[in-house]
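One structure is given here, and the rest of the page talks about it.
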Amino acid sequence: MLVSEIEVVTPATLKECLTMIANEDMNTRLIAGGTDAVVRMKEGKWRPSTWVNIKGLRELRYIIEKDGAIHIGPLTTHTDIIKSSLLQKKANVLVEASREVGAIQMQNVGTIGGNIGTASPAGDTLPALYVLNTVLELSTRNSKRIVPIEEFFTGPGRTILKKNEMITNIIVQPHGENEIGIFQKLGPRKAQSISIVNVAISLLMEKDRQVLSGKIAFGSVAPTIIRAKKCESILTLHPLTDEMIQNVAKVAWKEVMPITDVRATAEYRRDMASSLLERGLYRLMRRWENK
Amino acid sequence: MLTFYLKVNGSTRTVLCHPTKTLLDVLREDFQLTASKECCGKGECGSCSVLLNGEVVCSCLILISQVINQEIITCEGVGLTTNMDIIQESFGAEGATQCGYCTPGIIVSAKAFLNGIDYVPTEDEIKTALGGNLCRCTGYTKIIKAIRTAAEKELVIKGTVTN
Ligand SMILES: Cc1cc2nc3c(=O)[nH]c(=O)nc-3n(C[C@H](O)[C@H](O)[C@H](O)COP(=O)(O)OP(=O)(O)OC[C@H]3O[C@@H](n4cnc5c(N)ncnc54)[C@H](O)[C@@H]3O)c2cc1C
Ligand code: FES
Ligand code: FES
């Protein structure tokens, strides 16, 4: 299939879109901002016979608070997320992650739905969504299911999404008064670079440096995002002193299972995962104490 | 082949092309607006930057089908030699351009950035705003200086800062 032979259809409503992707005779793929899709199309990796262009579907672009959760439409751009005062206040870890996606040009068009849909192990919003207990709403023309984000990815570029299905809502659990979060990334260049390692941390604090519970999610150190459960389990044992932070970072070094690829060696990733976590926890404690 | 309508630099334009043609190729090949340049073709260098409804985007990664009836401003729309924008004048005055390949994209990024603020930005803020634009000639120092100068001049004109 040549690029010039690919068709583009633009549904006016979500309903129309779900009907289009339900058509078994058409080899369709959604295109939102296109920042992954067009690159892959040019590389020859993604050549559907028809792009279903959802960029203009306003009904899927929103950030609202509802029943104690925050609902984010899949067509919400990274710029929308960065500018949202609601997310800055109650889910800042996601704002920090979106700020690290590419440069302004990518943030203005790249969407959160596209970041999830690409299912890159390096996708920057993904660890943040993991620590915010995110669930995804997946819809077909005549059904809906709710899936925790942990169960959505099956490998690099692979998800449980069916051909006739799409992400229609992203539901995150907002941070309460005593919850704090941070996102840290290491890339080859400050802007426009895919993460070598990234990590999101969310902690529920008691008082001083005592942690009641915590979540840590790493990207780029396994085929999909992983929760560092061993690290999480020791977070609560003692107050998070500088010494404790170093111990947690050492556990992370053992817990991650990175591979060597064009961007970095496994050993370097392991070292960096440990350092990013250490730095993140230091910074979080400083923020907590200055709160 | 299909017909597409869009607004470019203030006027409505029509193009007959295949629906997956990039906005960059349409601007250059069909509209002869050749300020926007293709370099990497994959979003990394920013030489193809244009404004889409006032926001800076990489036109090499946007399909013509995705910008029907939308408003595009290219570097030509920011200003030409006869009606240069303050940013363009500052680039000339400060020597912020050498081979010039990156310049139209950087002018467009700088325009979007300065449109969104009403103070003189710090060096760090300018660096963040230009994070998506690469230049292999200037070493960036003069570009950053030119943008600061442009910001100062704009504020003087608006009367917010007095010199
Ligand atoms: C130069 C450059 C730098 C980048 N830097 C980063 C970075 O630092 N960090 C990072 O994480 N990413 C980065 N990216 C990748 C990309 O910008 C992001 O993943 C972005 O969020 C993708 O969103 P999109 O709307 O452009 O997706 P698209 O390209 O439109 O779509 C991507 C995939 O998601 C699917 N999809 C889109 N919407 C839905 C939906 N609602 N339901 C189901 N599937 C859907 C599409 O079918 C497609 O398979 C970069 C890309 C470029 C080109
Ligand atoms: S040509 Fe578009 S970003 Fe390089
Ligand atoms: S002036 Fe030559 S690339 Fe910037």
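Letters A, B, ... go to the chains of the structure tokens in the order shown; residues in each chain start at 1; ligands are counted from 1 in the same order.
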Need the shell around segment 210-216 of chain A: protein/DNA/RNA residues with any atom at most 10 Å away, counting only C-alpha atoms. Skip same-chain ones fewer than 3 positions apart. Format as a compact mmCIF listing (two decimals) with C-alpha atoms, in the first residue's frame?
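Saved file result_0.txt follows:
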```
# COMPACT_ATOMS: atom_id res chain seq x y z
CA PRO A 127 3.71 5.51 34.52
CA ALA A 128 1.83 8.57 35.77
CA TYR A 130 -0.42 3.74 36.61
CA VAL A 131 0.20 5.50 39.93
CA LEU A 132 -3.09 7.39 39.61
CA ASN A 133 -5.00 4.06 39.54
CA ASN A 178 -1.87 14.08 51.97
CA GLU A 179 -0.99 12.56 48.62
CA ILE A 180 1.97 13.74 46.58
CA GLY A 181 3.38 12.63 43.26
CA ILE A 182 6.31 13.21 40.95
CA PHE A 183 7.42 12.17 37.44
CA VAL A 199 9.38 6.78 36.71
CA ALA A 200 6.26 8.05 38.41
CA ILE A 201 5.83 8.01 42.18
CA SER A 202 2.75 8.62 44.27
CA LEU A 203 2.84 8.60 48.07
CA LEU A 204 0.18 8.83 50.74
CA MET A 205 1.86 10.55 53.69
CA GLU A 206 1.04 10.29 57.38
CA LYS A 207 3.10 12.93 59.09
CA ILE A 226 5.93 -2.10 35.60
CA ARG A 227 5.00 -1.39 39.19
CA ALA A 228 8.00 -1.75 41.51
CA LYS A 229 6.14 -3.74 44.14
CA LYS A 230 9.17 -4.62 46.23
CA CYS A 231 10.17 -0.99 46.47
CA GLU A 232 6.60 -0.06 47.30
CA SER A 233 6.44 -2.59 50.12
CA ILE A 234 9.48 -1.23 51.94
CA LEU A 235 8.44 2.43 51.59
CA THR A 236 6.15 2.14 54.58
CA LEU A 237 8.51 0.31 56.96
CA HIS A 238 10.33 3.36 58.32
CA PRO A 239 10.13 7.12 57.85
CA LEU A 240 11.59 8.04 54.47
CA THR A 241 14.91 9.41 55.67
CA ALA A 252 14.88 -0.80 42.47
CA LEU A 277 13.89 6.88 41.83
```
Problem - All residues 8 Å or closer to segment 127-129 of chain B, only C-alpha atoms, same chain fewer than 6 positions away omitted, as a list in words - result: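 The contact residues come out as Ala103, Ile104 and Ala191 of chain A; Ser109, Ala110, Phe113 and Ile144 of chain B.
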Problem - Atom-to-atom span, atom 35 (C, counted along the ligand's line) of ligand 1 and atom CA of Ala37 of chain A, Å - result: 7.6 Å
Completion exercise
Students should find that atom CA of Leu18 of chain A and atom 40 (C, counted along the ligand's line) of ligand 1 are spaced 10.8 Å
Practice task
Output as a PyMOL selection string the set of chain A residues within 9 Å of chain B, with distances taken over only C-alpha atoms.
Solution key: chain A and resi 3-10+33-39+42+51+53-56+102-109+190-193
Exercise for the section: Name the residues in contact with Glu267 of chain A at a cut-off of 10 Å, using only C-alpha atoms, excluding same-chain residues fewer than 5 positions from it; report them as a list in words. Expected result: Trp253, Met257, Pro258, Ile259, Thr260, Met272 and Ala273 of chain A
Handout entry: Sel. of alpha helix (DSSP H) residues, segment 15-99 of chain B, as number ranges by chain
Key = B: 23-25, 75-78, 86-94
Expected file: the selected residues, C-alpha atoms, as a PDB file, in the first residue's frame:
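Done, and the output landed in part_37.pdb:
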```
ATOM      1  CA  LEU B  23       0.411  19.825   5.263  1.00  0.00           C
ATOM      2  CA  LEU B  24       4.097  20.621   4.685  1.00  0.00           C
ATOM      3  CA  ASP B  25       4.060  19.149   1.175  1.00  0.00           C
ATOM      4  CA  CYS B  75       6.584  32.203   8.289  1.00  0.00           C
ATOM      5  CA  GLU B  76       5.444  34.098   5.185  1.00  0.00           C
ATOM      6  CA  GLY B  77       2.312  34.983   7.125  1.00  0.00           C
ATOM      7  CA  VAL B  78       4.352  36.253  10.071  1.00  0.00           C
ATOM      8  CA  ILE B  86       9.682  42.569  15.056  1.00  0.00           C
ATOM      9  CA  ILE B  87      11.017  39.047  15.557  1.00  0.00           C
ATOM     10  CA  GLN B  88      12.247  38.886  11.982  1.00  0.00           C
ATOM     11  CA  GLU B  89      13.880  42.311  12.261  1.00  0.00           C
ATOM     12  CA  SER B  90      15.623  41.238  15.452  1.00  0.00           C
ATOM     13  CA  PHE B  91      16.925  38.071  13.809  1.00  0.00           C
ATOM     14  CA  GLY B  92      18.478  40.203  11.093  1.00  0.00           C
ATOM     15  CA  ALA B  93      19.849  42.794  13.488  1.00  0.00           C
ATOM     16  CA  GLU B  94      21.337  40.244  15.902  1.00  0.00           C
TER      17      GLU B  94
END
```
Practice task
Taking the chain letters and numbering used in this document, name the residues of segment 18-59 of chain A that DSSP puts in strand (DSSP E or B), as an MDAnalysis selection string.
Solution key: chainID A and resid 28:31 50:53
Same residues, N, CA, C and O atoms, output as a compact mmCIF listing (two decimals), in the first residue's frame:
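What ended up in selection_0.txt:
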```
# COMPACT_ATOMS: atom_id res chain seq x y z
N THR A 28 -8.92 -0.56 9.05
CA THR A 28 -8.85 0.81 9.56
C THR A 28 -7.86 0.95 10.71
O THR A 28 -7.52 -0.03 11.36
N ARG A 29 -7.39 2.14 10.92
CA ARG A 29 -6.66 2.48 12.14
C ARG A 29 -6.99 3.92 12.49
O ARG A 29 -7.14 4.76 11.61
N LEU A 30 -7.15 4.17 13.78
CA LEU A 30 -7.45 5.53 14.21
C LEU A 30 -6.22 6.41 14.07
O LEU A 30 -5.09 5.97 14.28
N ILE A 31 -6.45 7.67 13.72
CA ILE A 31 -5.39 8.68 13.79
C ILE A 31 -5.94 9.86 14.58
O ILE A 31 -6.99 10.40 14.24
N THR A 50 -7.39 2.52 5.42
CA THR A 50 -8.12 3.76 5.76
C THR A 50 -7.74 4.27 7.14
O THR A 50 -7.80 3.53 8.12
N TRP A 51 -7.35 5.54 7.20
CA TRP A 51 -7.20 6.20 8.51
C TRP A 51 -8.56 6.71 8.93
O TRP A 51 -9.24 7.36 8.13
N VAL A 52 -8.94 6.45 10.16
CA VAL A 52 -10.14 7.07 10.71
C VAL A 52 -9.67 8.27 11.53
O VAL A 52 -9.10 8.12 12.62
N ASN A 53 -9.87 9.45 10.97
CA ASN A 53 -9.33 10.68 11.56
C ASN A 53 -10.25 11.22 12.65
O ASN A 53 -11.32 11.74 12.38
```
Handout entry: Between atom CA of Val101 of chain A and atom CA of Asn290 of chain A - distance in Å to one decimal
Key = 27.4 Å
Practice task
Could you pull out the residues sitting within 6 Å of ligand 3, using only C-alpha atoms and all ligand atoms, and write them as a ChimeraX atom specification?
Solution key: /B:97-103,135-138
Take the residues from that selection and write them out as a tab-separated table (two decimals), in the first residue's frame, keeping C-alpha atoms.
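What follows is the written file out-v3.tsv:
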```tsv
chain	number	residue	atom	x	y	z
B	97	THR	CA	20.52	33.37	11.12
B	98	GLN	CA	23.31	31.77	9.10
B	99	CYS	CA	22.37	29.18	6.46
B	100	GLY	CA	18.76	30.05	7.25
B	101	TYR	CA	17.31	26.55	6.96
B	102	CYS	CA	15.99	26.48	10.53
B	103	THR	CA	15.05	30.16	10.63
B	135	CYS	CA	19.85	24.80	14.41
B	136	ARG	CA	23.18	23.40	13.30
B	137	CYS	CA	24.83	26.76	12.53
B	138	THR	CA	24.35	29.49	15.08
```
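When only C-alpha atoms and all ligand atoms are used to measure the gap to ligand 1, the shortest distance among B:Ile126, B:Ala151, B:Val156, B:Cys40 belongs to B:Cys40.
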Completion exercise
The residue from B:Arg28, B:Lys7, B:Lys37, B:Arg13 with the smallest atom-to-atom distance to ligand 2, counting only C-alpha atoms and all ligand atoms, is B:Lys37
Problem - Pick from A:Met1, A:Met166, A:Met285, A:Leu87 nearest to ligand 1, counting only C-alpha atoms and all ligand atoms - result: A:Met166
